[in-house]
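Colleague: Here's a structure for you.
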Amino acid sequence: MIEILMRRRRLLGLVVVMMTLVGIAAYFNMARQEDPSFPYRAGLITVQYPGATAETVERLIIRPLEDELLQLEEINFVASTSRSGVGLVNIMLRDRIYATTAAWDRVRQAMERARVEFPEGVGQMALEDRLIDTPVVVLALSGSASIGELSRRAEDLKDALIGLPALSRIEIEGQADEQITIAVDDAELHRVGLTPQQLAGLIGQRNQVVPGGFVVAGGKRLTVLANSEFVSLDDLRTTQIPLPDGSFVPLAGLADIWRGPREPLQSETWRDGERVVLLNVLAQRGQVDALAFGKALRERVAEVAPEFAPLQIDEMFFQPEKVAERLEELEGSLLMAVLIIVGVVFVGMGLRMGLLVAITLPVVALISLGLYNLGGGVLHQIAVIALVISLGILIDNAIVMVENVQTRLSEGADRVMAVTGAVRELAAPLGASTATTLAAFTPLLLSRGGTADFTRAIPIMIMLTLSVSYLLAVTVAPMIAARFLSRETAPRSGWVLKLGERLATLSTGRPKLVLGVGALMVVFSFLITPLMALQFFPNADRPKVILDLHLPEGTDQSYTAMVAERIEREVRRHETAHSVHRFVGTTGPTFYYNLVRFPEAPNRARLVVTASDLDATRQLMQDMRAFVRDTLPEVELSAFQLGQGPPRDSPVEVRVFHPNDTQRMVAAEQIYAHLRAVRGSVDVRHDLDFGTPAVRVDVDDAVAQRSGLNRADVARTLFGQSYGLTAEQYRQERDAMPLVVRSVEGTALPLTRLLSVNVYPENGEPVPVMQVARVYADWEPAGIKRRNGERVFRINANLEDGYSFSQVLAALEQRLAEQPLPRGTRIEYGGDSEGSGDANQALATSAPIGVLLLLFFLVWQFNSFRRVAIVLLTVPMAAVGIIPGLVISGAPFGFMSMLGVVALVGIVVNNAIVLIDVIDQRLAEGFAVRDAVFQAVARRTRPILLTTATTVAGLLPLAFTQSTLWPPMAWAIISGLLASTMLTLLVVPALCLLTFRAPEATRAA
């Protein structure tokens, strides 16, 4: 094969150049994002059942819906919340599901089957299966005291932006839908002889869309326009209402009419203390360049901004800037890694050989990037980091090949023989070493789940670069080396030669001592494992603080807004707080991929604070926890920084199950008390349902029947006095607005007035509510939580700096062992514990494939189980460096460190393969075992140290970066590689000396 390629070297050169140009074009044109996208596995079903209690919603809505959903094999879990008048069902698909559209279609089919069992009166049931979408840009529209005007103009702005290229959709948040309120006085209606129901019926009859048809005149159709509906508020005010005595009165004479926000209040959004309406701009998924999209959006906004003056259009969150900052930082790390590696190569190999090897770096990187782009890849931080990791590894093949060609040229071989001899000698061992590294990354490639989806680009990019580097190393590199290298032996570093000889002398002179010391070092490293800090994923490096406020169920949104405003004022007292955005009744836009989106609720609020730096965020969180604890004890505060990895609600989550409600609450309160006492846990909160106060109206059926009434009449009257009766729709605006007939006070109606309102029978005099019903205070469940068909309570907690979820859960389990939970209680751990377990299980599921591939390539290369065993022994030797390295550097051991360990396995195995291959060659040439081992160590020390140095040098920029995500992985590889390299040069030769035997021909001689 190499002879054919040498005859077609011009064609080979053209292919390499063209592929390099493809990579250059890909770099400048491929899509750029900050983080990978996750499949649409999370969904939310909302079912409206007005007037129903939480228990009724659970019994008649949630249970039938759960029965159908839990039959679907695509669903991982179903978590539901039953509240008064509404049921919420969170759905999570299984990790193996990637064709999510078909899965959500099956969910919709299950919803329709469940709908058959629903009672009458159930309202809309909707499924939101795009919960994890992150807006690229969040625009804030401000400048008017009228939230109605802002809402209307936000719709206009949405229309102006709707034609943007690659736009997916625009969601408006914080708007106030409007209604036409017709406020009537109950006593005044009674005086003129009307009831609210009659008035609503008359208004509805006057506001119908009825076609007038058309007539033909002069060959043209003339549409007949009949005034069958109200065309303005003045038209509504002046409409004549017939009275029982035959007279007429304009509606304005009976009611106050105004246009205002719909009741009850919708969610509110505030930008730095100013009421705004938000537009969440979402781009299409796939190869969409966030930078180009942001630039196009800014240009469009600049064009249309004058049309919205004096209103202002501001950027609340602009993700393309973060994408540019992140990629520029990582590209700087990539460039620095390249320069460091090139410097190391020049020092270790000399100028001429170093230049030839250094050329392979950009060529392999660009070709791999081009292939990655052709396969639909997106340039984000995970892909760039994978490229940085692979830099030090991909150059290994070129180093070995170029050095071998130089050695043959120096020994007098002609250039053709130097190329063919080097390729024939190294193609198999380099192929085996490359294949073993690919096998090490196979479990990461085949793994499933949110964690694997987040890190998928790492195995893809590394496997691409290694494959390309091997192909170039056995084709292009030897031919270029033979063309440009001289026959003179390249100067070698004397200290490297002496080091190789000393290591060879030590490993062959006292092999048992070397093995004993190596074993002790491995044991010692595992003994200090408890000193490592454990962490699933680190926090992000953005100086933002999220303050989530949870008030008791049943809290009105107006009170939630007052509490949130008070906390915002306290936050603004901190000089380090640069901006504060407030969201009431909602958690606001998910401007960061890791944020969890919660359903709207009147007792929930969120503050997003931008601080001066990361240190300021920690102090701010501590101060706000103290403030809320001392002044607002009814508020459950969750203060946290933005995180990394798959989204999750909190790092610590305990789910409590028990068939008995009382025992389940006792167990949950016990766990809640324990977690509050455990060091390292903060913001401990629970969702225990203590109920909410209510006013119960028990209608006496006999008394009501004598008055010509029934229970429904009383309920409709009470509802009409507070929320109001919807008479019809006012259709003269962009969106139809309900015409609501209610009391003047509406939901602010005093309780005494509510109980004294009149109920109107069809015939007869009005009857006060108190005459037909008994009214008393009561208590009802506020929110009933279920998971996979069982009632459940959740206790959540955040972590203090320096503590891990494993430490907190270990302390909790110790306390539970001393004070057991009630018999029959079952607990589950969520949060980081569940995420880490799922990620590890996903890796364990695909690990056997990687192990089998690794063993296959090793056995194929050596055809010896003894040699394979020696190679595999280098893996635990890496722990000698990994564990102490993480402890000394302070980097936590988590999933990113695990990625470093996986990468390290392929690297250390390669060193052992190359070393044993040289030993076998010397044995085949007739050397004694000791001499073969000695020469192999002396000869291979330089390239092994050089490849180790290039890998370590390439990772140094990551180890010292300001990012919180990459140092643990970098330190794991660096420390593990340094230790395993030295042990490989000592322990592997010692093992070979004790276990290898010379061939029969050598022993006979």
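Residues in the structure tokens are numbered from 1 in each chain, the chains being A, B, ... in the order shown, and ligands are numbered from 1 in the order shown.
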As a VMD selection string, please: all residues of segment 114-323 of chain A that backbone DSSP puts in strand (DSSP E or B).

Modeller: chain A and resid 125 to 128 137 to 142 167 to 173 178 to 184 214 to 217 220 to 223 240 to 242 248 to 250 255 to 261 268 to 271 274 to 283 312 to 318

Colleague: List the neighbours of Thr181 of chain A out to 7 Å using only C-alpha atoms; skip same-chain residues closer than 2 positions along the sequence, and give me the result as a ChimeraX atom specification.

Modeller: /A:179,183,257-259,739-741

Colleague: Please provide as a PDB file with N, CA and C atoms, in the first residue's frame all residues within 10 Å of Gly890 of chain A, with the sequence filter that same-chain residues fewer than 6 positions apart are discarded (counting only C-alpha atoms).

Modeller:
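Generated file (around-v1.pdb):
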ATOM      1  N   LEU A 531     -10.087  11.784  50.751  1.00  0.00           N
ATOM      2  CA  LEU A 531      -9.698  13.196  50.791  1.00  0.00           C
ATOM      3  C   LEU A 531     -10.169  13.959  49.567  1.00  0.00           C
ATOM      4  N   MET A 532     -10.604  13.242  48.532  1.00  0.00           N
ATOM      5  CA  MET A 532     -11.078  13.912  47.322  1.00  0.00           C
ATOM      6  C   MET A 532     -12.477  14.476  47.550  1.00  0.00           C
ATOM      7  N   ALA A 533     -12.706  15.675  47.030  1.00  0.00           N
ATOM      8  CA  ALA A 533     -14.048  16.262  47.032  1.00  0.00           C
ATOM      9  C   ALA A 533     -14.819  15.700  45.839  1.00  0.00           C
ATOM     10  N   GLY A 802     -17.475  24.005  49.051  1.00  0.00           N
ATOM     11  CA  GLY A 802     -16.564  23.038  49.641  1.00  0.00           C
ATOM     12  C   GLY A 802     -17.217  21.741  50.056  1.00  0.00           C
ATOM     13  N   PRO A 884      -3.841  11.733  44.032  1.00  0.00           N
ATOM     14  CA  PRO A 884      -3.075  12.811  44.679  1.00  0.00           C
ATOM     15  C   PRO A 884      -3.141  14.122  43.904  1.00  0.00           C
ATOM     16  N   PRO A 967     -10.833  22.415  34.528  1.00  0.00           N
ATOM     17  CA  PRO A 967      -9.666  22.058  35.349  1.00  0.00           C
ATOM     18  C   PRO A 967      -9.714  20.664  35.971  1.00  0.00           C
ATOM     19  N   PRO A 968     -10.843  20.176  36.497  1.00  0.00           N
ATOM     20  CA  PRO A 968     -10.817  18.811  37.061  1.00  0.00           C
ATOM     21  C   PRO A 968     -10.403  17.759  36.046  1.00  0.00           C
ATOM     22  N   TRP A 971      -6.529  18.305  35.221  1.00  0.00           N
ATOM     23  CA  TRP A 971      -5.633  17.854  36.286  1.00  0.00           C
ATOM     24  C   TRP A 971      -5.639  16.329  36.405  1.00  0.00           C
TER      25      TRP A 971
END

Colleague: If we count only C-alpha atoms, what is near Leu983 of chain A at a cut-off of 9 Å, once residues fewer than 2 positions away on the same chain are taken out, given as a compact mmCIF listing (two decimals) with N, CA, C and O atoms, in the first residue's frame?

Modeller:
# COMPACT_ATOMS: atom_id res chain seq x y z
N VAL A 514 11.08 -2.78 42.24
CA VAL A 514 10.28 -1.83 41.45
C VAL A 514 8.81 -2.20 41.53
O VAL A 514 7.93 -1.33 41.73
N GLY A 518 5.88 0.05 43.27
CA GLY A 518 4.74 0.43 42.44
C GLY A 518 3.42 0.02 43.06
O GLY A 518 2.44 0.78 43.07
N THR A 874 -1.18 -1.13 33.44
CA THR A 874 -0.82 0.29 33.45
C THR A 874 -2.00 1.18 33.82
O THR A 874 -1.80 2.34 34.20
N MET A 877 -2.13 1.99 37.48
CA MET A 877 -0.98 2.81 37.83
C MET A 877 -1.27 4.30 37.63
O MET A 877 -0.60 5.16 38.23
N ALA A 878 -2.24 4.61 36.78
CA ALA A 878 -2.60 6.02 36.59
C ALA A 878 -3.19 6.61 37.86
O ALA A 878 -3.10 7.82 38.09
N LEU A 978 1.55 11.86 34.19
CA LEU A 978 2.92 12.00 34.70
C LEU A 978 3.32 10.79 35.53
O LEU A 978 4.42 10.23 35.37
N ALA A 979 2.42 10.38 36.43
CA ALA A 979 2.75 9.24 37.29
C ALA A 979 2.80 7.94 36.50
O ALA A 979 3.72 7.12 36.65
N SER A 980 1.81 7.72 35.64
CA SER A 980 1.74 6.46 34.92
C SER A 980 2.89 6.32 33.93
O SER A 980 3.36 5.21 33.65
N THR A 981 3.36 7.46 33.37
CA THR A 981 4.47 7.38 32.42
C THR A 981 5.73 6.87 33.11
O THR A 981 6.43 5.96 32.60
N LEU A 985 7.55 3.13 32.52
CA LEU A 985 8.97 2.92 32.17
C LEU A 985 9.71 2.09 33.20
O LEU A 985 10.86 1.68 32.96
N LEU A 986 9.08 1.85 34.35
CA LEU A 986 9.74 1.04 35.38
C LEU A 986 9.01 -0.30 35.59
O LEU A 986 9.63 -1.36 35.56
N VAL A 987 7.72 -0.23 35.83
CA VAL A 987 6.98 -1.44 36.19
C VAL A 987 6.81 -2.37 35.00
O VAL A 987 6.99 -3.59 35.11
N VAL A 988 6.45 -1.82 33.84
CA VAL A 988 6.25 -2.68 32.66
C VAL A 988 7.54 -3.42 32.29
O VAL A 988 7.51 -4.64 32.06

Colleague: Please determine, counting only C-alpha atoms, which residue among A:Asp713, A:Asp314, A:Glu765, A:Glu229 has the shortest atom-to-atom distance to Leu141 of chain A.

Modeller: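 Ranking A:Asp713, A:Asp314, A:Glu765, A:Glu229 by distance to Leu141 of chain A, first place goes to A:Asp314.
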
Colleague: Run DSSP on the backbone and grab whatever in segment 90-166 of chain A lands in helix (DSSP H, G or I); send it over as a PDB file with N, CA, C and O atoms, in the first residue's frame.

Modeller:
ATOM      1  N   THR A 100     -37.829  11.996  19.721  1.00  0.00           N
ATOM      2  CA  THR A 100     -38.790  12.497  20.715  1.00  0.00           C
ATOM      3  C   THR A 100     -40.135  12.872  20.100  1.00  0.00           C
ATOM      4  O   THR A 100     -41.152  12.832  20.784  1.00  0.00           O
ATOM      5  N   THR A 101     -40.157  13.249  18.832  1.00  0.00           N
ATOM      6  CA  THR A 101     -41.433  13.644  18.218  1.00  0.00           C
ATOM      7  C   THR A 101     -42.417  12.489  18.233  1.00  0.00           C
ATOM      8  O   THR A 101     -43.591  12.661  18.592  1.00  0.00           O
ATOM      9  N   ALA A 102     -41.952  11.312  17.850  1.00  0.00           N
ATOM     10  CA  ALA A 102     -42.841  10.140  17.870  1.00  0.00           C
ATOM     11  C   ALA A 102     -43.270   9.803  19.296  1.00  0.00           C
ATOM     12  O   ALA A 102     -44.418   9.414  19.531  1.00  0.00           O
ATOM     13  N   ALA A 103     -42.358   9.958  20.253  1.00  0.00           N
ATOM     14  CA  ALA A 103     -42.709   9.672  21.652  1.00  0.00           C
ATOM     15  C   ALA A 103     -43.790  10.635  22.162  1.00  0.00           C
ATOM     16  O   ALA A 103     -44.731  10.221  22.844  1.00  0.00           O
ATOM     17  N   TRP A 104     -43.647  11.919  21.835  1.00  0.00           N
ATOM     18  CA  TRP A 104     -44.667  12.877  22.295  1.00  0.00           C
ATOM     19  C   TRP A 104     -45.999  12.670  21.587  1.00  0.00           C
ATOM     20  O   TRP A 104     -47.058  12.967  22.150  1.00  0.00           O
ATOM     21  N   ASP A 105     -45.962  12.143  20.369  1.00  0.00           N
ATOM     22  CA  ASP A 105     -47.230  11.789  19.705  1.00  0.00           C
ATOM     23  C   ASP A 105     -47.951  10.690  20.474  1.00  0.00           C
ATOM     24  O   ASP A 105     -49.178  10.713  20.617  1.00  0.00           O
ATOM     25  N   ARG A 106     -47.208   9.725  20.966  1.00  0.00           N
ATOM     26  CA  ARG A 106     -47.823   8.669  21.768  1.00  0.00           C
ATOM     27  C   ARG A 106     -48.350   9.220  23.093  1.00  0.00           C
ATOM     28  O   ARG A 106     -49.383   8.762  23.593  1.00  0.00           O
ATOM     29  N   VAL A 107     -47.649  10.203  23.654  1.00  0.00           N
ATOM     30  CA  VAL A 107     -48.146  10.842  24.873  1.00  0.00           C
ATOM     31  C   VAL A 107     -49.479  11.537  24.597  1.00  0.00           C
ATOM     32  O   VAL A 107     -50.418  11.453  25.396  1.00  0.00           O
ATOM     33  N   ARG A 108     -49.575  12.216  23.474  1.00  0.00           N
ATOM     34  CA  ARG A 108     -50.842  12.888  23.128  1.00  0.00           C
ATOM     35  C   ARG A 108     -51.969  11.880  22.929  1.00  0.00           C
ATOM     36  O   ARG A 108     -53.119  12.147  23.280  1.00  0.00           O
ATOM     37  N   GLN A 109     -51.643  10.741  22.365  1.00  0.00           N
ATOM     38  CA  GLN A 109     -52.666   9.702  22.214  1.00  0.00           C
ATOM     39  C   GLN A 109     -53.143   9.207  23.576  1.00  0.00           C
ATOM     40  O   GLN A 109     -54.341   8.978  23.789  1.00  0.00           O
ATOM     41  N   ALA A 110     -52.203   9.052  24.504  1.00  0.00           N
ATOM     42  CA  ALA A 110     -52.592   8.648  25.865  1.00  0.00           C
ATOM     43  C   ALA A 110     -53.447   9.722  26.521  1.00  0.00           C
ATOM     44  O   ALA A 110     -54.379   9.409  27.277  1.00  0.00           O
ATOM     45  N   MET A 111     -53.135  10.983  26.271  1.00  0.00           N
ATOM     46  CA  MET A 111     -53.947  12.066  26.828  1.00  0.00           C
ATOM     47  C   MET A 111     -55.383  11.994  26.305  1.00  0.00           C
ATOM     48  O   MET A 111     -56.345  12.210  27.069  1.00  0.00           O
ATOM     49  N   GLU A 112     -55.550  11.695  25.024  1.00  0.00           N
ATOM     50  CA  GLU A 112     -56.895  11.602  24.460  1.00  0.00           C
ATOM     51  C   GLU A 112     -57.646  10.409  25.034  1.00  0.00           C
ATOM     52  O   GLU A 112     -58.868  10.481  25.251  1.00  0.00           O
ATOM     53  N   ARG A 113     -56.942   9.311  25.287  1.00  0.00           N
ATOM     54  CA  ARG A 113     -57.616   8.162  25.912  1.00  0.00           C
ATOM     55  C   ARG A 113     -58.066   8.504  27.327  1.00  0.00           C
ATOM     56  O   ARG A 113     -59.135   8.085  27.771  1.00  0.00           O
ATOM     57  N   ALA A 114     -57.227   9.248  28.050  1.00  0.00           N
ATOM     58  CA  ALA A 114     -57.599   9.639  29.407  1.00  0.00           C
ATOM     59  C   ALA A 114     -58.742  10.638  29.405  1.00  0.00           C
ATOM     60  O   ALA A 114     -59.571  10.647  30.334  1.00  0.00           O
ATOM     61  N   ARG A 115     -58.831  11.478  28.386  1.00  0.00           N
ATOM     62  CA  ARG A 115     -59.882  12.489  28.339  1.00  0.00           C
ATOM     63  C   ARG A 115     -61.282  11.854  28.346  1.00  0.00           C
ATOM     64  O   ARG A 115     -62.242  12.443  28.839  1.00  0.00           O
ATOM     65  N   ILE A 147     -49.224  48.716  31.228  1.00  0.00           N
ATOM     66  CA  ILE A 147     -48.770  47.389  30.854  1.00  0.00           C
ATOM     67  C   ILE A 147     -49.567  46.878  29.660  1.00  0.00           C
ATOM     68  O   ILE A 147     -49.081  46.077  28.855  1.00  0.00           O
ATOM     69  N   GLY A 148     -50.788  47.389  29.505  1.00  0.00           N
ATOM     70  CA  GLY A 148     -51.580  47.017  28.342  1.00  0.00           C
ATOM     71  C   GLY A 148     -50.959  47.517  27.048  1.00  0.00           C
ATOM     72  O   GLY A 148     -50.895  46.794  26.044  1.00  0.00           O
ATOM     73  N   GLU A 149     -50.476  48.752  27.061  1.00  0.00           N
ATOM     74  CA  GLU A 149     -49.821  49.289  25.883  1.00  0.00           C
ATOM     75  C   GLU A 149     -48.539  48.509  25.578  1.00  0.00           C
ATOM     76  O   GLU A 149     -48.247  48.193  24.412  1.00  0.00           O
ATOM     77  N   LEU A 150     -47.758  48.195  26.610  1.00  0.00           N
ATOM     78  CA  LEU A 150     -46.547  47.409  26.390  1.00  0.00           C
ATOM     79  C   LEU A 150     -46.877  46.048  25.792  1.00  0.00           C
ATOM     80  O   LEU A 150     -46.161  45.563  24.911  1.00  0.00           O
ATOM     81  N   SER A 151     -47.955  45.448  26.259  1.00  0.00           N
ATOM     82  CA  SER A 151     -48.335  44.134  25.747  1.00  0.00           C
ATOM     83  C   SER A 151     -48.735  44.217  24.282  1.00  0.00           C
ATOM     84  O   SER A 151     -48.351  43.357  23.466  1.00  0.00           O
ATOM     85  N   ARG A 152     -49.492  45.254  23.919  1.00  0.00           N
ATOM     86  CA  ARG A 152     -49.913  45.401  22.527  1.00  0.00           C
ATOM     87  C   ARG A 152     -48.727  45.679  21.614  1.00  0.00           C
ATOM     88  O   ARG A 152     -48.617  45.109  20.525  1.00  0.00           O
ATOM     89  N   ARG A 153     -47.831  46.526  22.081  1.00  0.00           N
ATOM     90  CA  ARG A 153     -46.676  46.842  21.252  1.00  0.00           C
ATOM     91  C   ARG A 153     -45.690  45.672  21.180  1.00  0.00           C
ATOM     92  O   ARG A 153     -44.951  45.538  20.207  1.00  0.00           O
ATOM     93  N   ALA A 154     -45.686  44.829  22.211  1.00  0.00           N
ATOM     94  CA  ALA A 154     -44.846  43.630  22.155  1.00  0.00           C
ATOM     95  C   ALA A 154     -45.317  42.701  21.036  1.00  0.00           C
ATOM     96  O   ALA A 154     -44.497  42.074  20.349  1.00  0.00           O
ATOM     97  N   GLU A 155     -46.629  42.621  20.842  1.00  0.00           N
ATOM     98  CA  GLU A 155     -47.151  41.829  19.733  1.00  0.00           C
ATOM     99  C   GLU A 155     -46.710  42.427  18.396  1.00  0.00           C
ATOM    100  O   GLU A 155     -46.366  41.697  17.458  1.00  0.00           O
ATOM    101  N   ASP A 156     -46.710  43.753  18.307  1.00  0.00           N
ATOM    102  CA  ASP A 156     -46.252  44.399  17.073  1.00  0.00           C
ATOM    103  C   ASP A 156     -44.770  44.131  16.841  1.00  0.00           C
ATOM    104  O   ASP A 156     -44.343  43.894  15.692  1.00  0.00           O
ATOM    105  N   LEU A 157     -43.974  44.185  17.911  1.00  0.00           N
ATOM    106  CA  LEU A 157     -42.546  43.908  17.773  1.00  0.00           C
ATOM    107  C   LEU A 157     -42.316  42.461  17.353  1.00  0.00           C
ATOM    108  O   LEU A 157     -41.422  42.173  16.549  1.00  0.00           O
ATOM    109  N   LYS A 158     -43.110  41.581  17.879  1.00  0.00           N
ATOM    110  CA  LYS A 158     -43.011  40.178  17.471  1.00  0.00           C
ATOM    111  C   LYS A 158     -43.263  40.035  15.973  1.00  0.00           C
ATOM    112  O   LYS A 158     -42.538  39.316  15.277  1.00  0.00           O
ATOM    113  N   ASP A 159     -44.278  40.732  15.457  1.00  0.00           N
ATOM    114  CA  ASP A 159     -44.555  40.676  14.022  1.00  0.00           C
ATOM    115  C   ASP A 159     -43.398  41.240  13.207  1.00  0.00           C
ATOM    116  O   ASP A 159     -43.082  40.747  12.122  1.00  0.00           O
ATOM    117  N   ALA A 160     -42.736  42.290  13.746  1.00  0.00           N
ATOM    118  CA  ALA A 160     -41.638  42.913  13.009  1.00  0.00           C
ATOM    119  C   ALA A 160     -40.415  42.018  12.947  1.00  0.00           C
ATOM    120  O   ALA A 160     -39.584  42.155  12.042  1.00  0.00           O
ATOM    121  N   LEU A 161     -40.267  41.099  13.911  1.00  0.00           N
ATOM    122  CA  LEU A 161     -39.091  40.228  13.960  1.00  0.00           C
ATOM    123  C   LEU A 161     -39.349  38.848  13.389  1.00  0.00           C
ATOM    124  O   LEU A 161     -38.420  38.038  13.289  1.00  0.00           O
TER     125      LEU A 161
END

Colleague: Could you pull the residues within 9 Å of segment 389-396 of chain A, counting only C-alpha atoms, minus those fewer than 6 positions along the same chain, as JSON, numbers by chain?

Modeller: {"A": [334, 337, 338, 341, 357, 358, 360, 361, 364, 365, 458, 461, 462, 463, 465, 466, 467, 468, 469, 470, 473, 903, 907, 943, 944, 946, 947, 948, 949, 950, 951, 952, 953, 954, 955, 958, 970]}

Colleague: Can I get the selection written as a PDB file, in the first residue's frame, with C-alpha atoms?

Modeller:
ATOM      1  CA  LEU A 334      -6.271  26.066  21.859  1.00  0.00           C
ATOM      2  CA  ALA A 337      -1.716  24.708  23.637  1.00  0.00           C
ATOM      3  CA  VAL A 338      -0.508  24.522  20.040  1.00  0.00           C
ATOM      4  CA  ILE A 341       3.283  21.684  22.139  1.00  0.00           C
ATOM      5  CA  VAL A 357       5.855  17.007  13.374  1.00  0.00           C
ATOM      6  CA  ALA A 358       4.420  20.428  14.229  1.00  0.00           C
ATOM      7  CA  THR A 360       0.623  17.756  11.522  1.00  0.00           C
ATOM      8  CA  LEU A 361      -1.072  19.665  14.341  1.00  0.00           C
ATOM      9  CA  VAL A 364      -5.070  17.084  11.501  1.00  0.00           C
ATOM     10  CA  ALA A 365      -7.106  19.606  13.497  1.00  0.00           C
ATOM     11  CA  ILE A 458     -15.652  14.909  23.280  1.00  0.00           C
ATOM     12  CA  MET A 461     -13.917  14.908  18.119  1.00  0.00           C
ATOM     13  CA  ILE A 462     -11.142  12.904  19.790  1.00  0.00           C
ATOM     14  CA  MET A 463     -11.935   9.776  17.791  1.00  0.00           C
ATOM     15  CA  THR A 465      -8.643  13.491  15.268  1.00  0.00           C
ATOM     16  CA  LEU A 466      -6.960  10.241  16.313  1.00  0.00           C
ATOM     17  CA  SER A 467      -8.199   8.456  13.199  1.00  0.00           C
ATOM     18  CA  VAL A 468      -7.047  11.268  10.920  1.00  0.00           C
ATOM     19  CA  SER A 469      -3.695  11.521  12.715  1.00  0.00           C
ATOM     20  CA  TYR A 470      -3.073   7.793  12.264  1.00  0.00           C
ATOM     21  CA  ALA A 473       1.123   9.284  10.181  1.00  0.00           C
ATOM     22  CA  ALA A 903      -8.942   9.655  28.110  1.00  0.00           C
ATOM     23  CA  ILE A 907      -2.940   7.228  26.516  1.00  0.00           C
ATOM     24  CA  PRO A 943       9.508   9.307  22.497  1.00  0.00           C
ATOM     25  CA  ILE A 944       7.383   8.265  25.485  1.00  0.00           C
ATOM     26  CA  LEU A 946       8.061  13.484  24.482  1.00  0.00           C
ATOM     27  CA  THR A 947       4.490  12.321  23.869  1.00  0.00           C
ATOM     28  CA  THR A 948       3.755  12.719  27.566  1.00  0.00           C
ATOM     29  CA  ALA A 949       5.243  16.208  27.539  1.00  0.00           C
ATOM     30  CA  THR A 950       3.172  17.242  24.506  1.00  0.00           C
ATOM     31  CA  THR A 951      -0.036  15.920  26.061  1.00  0.00           C
ATOM     32  CA  VAL A 952       0.628  17.625  29.379  1.00  0.00           C
ATOM     33  CA  ALA A 953       1.674  20.843  27.668  1.00  0.00           C
ATOM     34  CA  GLY A 954      -1.506  20.877  25.607  1.00  0.00           C
ATOM     35  CA  LEU A 955      -3.645  20.556  28.727  1.00  0.00           C
ATOM     36  CA  LEU A 958      -7.154  24.139  30.479  1.00  0.00           C
ATOM     37  CA  ALA A 970      -7.211  18.534  32.885  1.00  0.00           C
TER      38      ALA A 970
END

Colleague: Which residues are near Gly881 of chain A? Cut-off 6 Å, only C-alpha atoms, ignore same chain within fewer than 4 positions. Put them as a PyMOL selection string.

Modeller: chain A and resi 885+975-976+979

Colleague: How would the residues just chosen look if you wrote them out with N, CA, C and O atoms as a compact mmCIF listing (two decimals), in the first residue's frame?

Modeller:
# COMPACT_ATOMS: atom_id res chain seq x y z
N GLY A 885 -3.18 14.03 42.58
CA GLY A 885 -3.23 15.25 41.78
C GLY A 885 -4.49 16.05 42.04
O GLY A 885 -4.45 17.28 42.17
N SER A 975 -1.91 14.81 36.01
CA SER A 975 -1.29 14.11 37.14
C SER A 975 -1.24 12.61 36.89
O SER A 975 -0.24 11.95 37.20
N GLY A 976 -2.30 12.06 36.34
CA GLY A 976 -2.30 10.63 36.06
C GLY A 976 -1.29 10.24 35.01
O GLY A 976 -0.63 9.19 35.13
N ALA A 979 2.42 10.38 36.43
CA ALA A 979 2.75 9.24 37.29
C ALA A 979 2.80 7.94 36.50
O ALA A 979 3.72 7.12 36.65

Colleague: If we count only C-alpha atoms and set the cut-off at 10 Å, which residues sit around Glu834 of chain A, ignoring sequence neighbours fewer than 3 positions away in its own chain? Please answer as a ChimeraX atom specification.

Modeller: /A:536,648,651-653,828-831,837-840

Colleague: My list of candidates is A:Arg922, A:Arg83, A:Arg573, A:Arg997. Which is closest to Arg59 of chain A when distances are computed with only C-alpha atoms?

Modeller: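 Checking each of A:Arg922, A:Arg83, A:Arg573, A:Arg997 against Arg59 of chain A, counting only C-alpha atoms, the winner is A:Arg83.
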
Colleague: Have a look at A:Pro781, A:Gly746, A:Gly273, A:Gly680 and name the one nearest to Asn798 of chain A; count only C-alpha atoms.

Modeller: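 Smallest separation from Asn798 of chain A among the options: A:Gly680.
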
Colleague: For a test of reading the model, state the distance in Å between atom CA of Thr747 of chain A and atom CA of Asp778 of chain A, rounded to one decimal.

Modeller: 18.9 Å

Colleague: Would you please work out which residue, of A:Val342, A:Val138, A:Leu812, A:Ile671, is nearest to Glu315 of chain A when using only C-alpha atoms?

Modeller: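 That would be A:Val138, the residue with the smallest distance to Glu315 of chain A.
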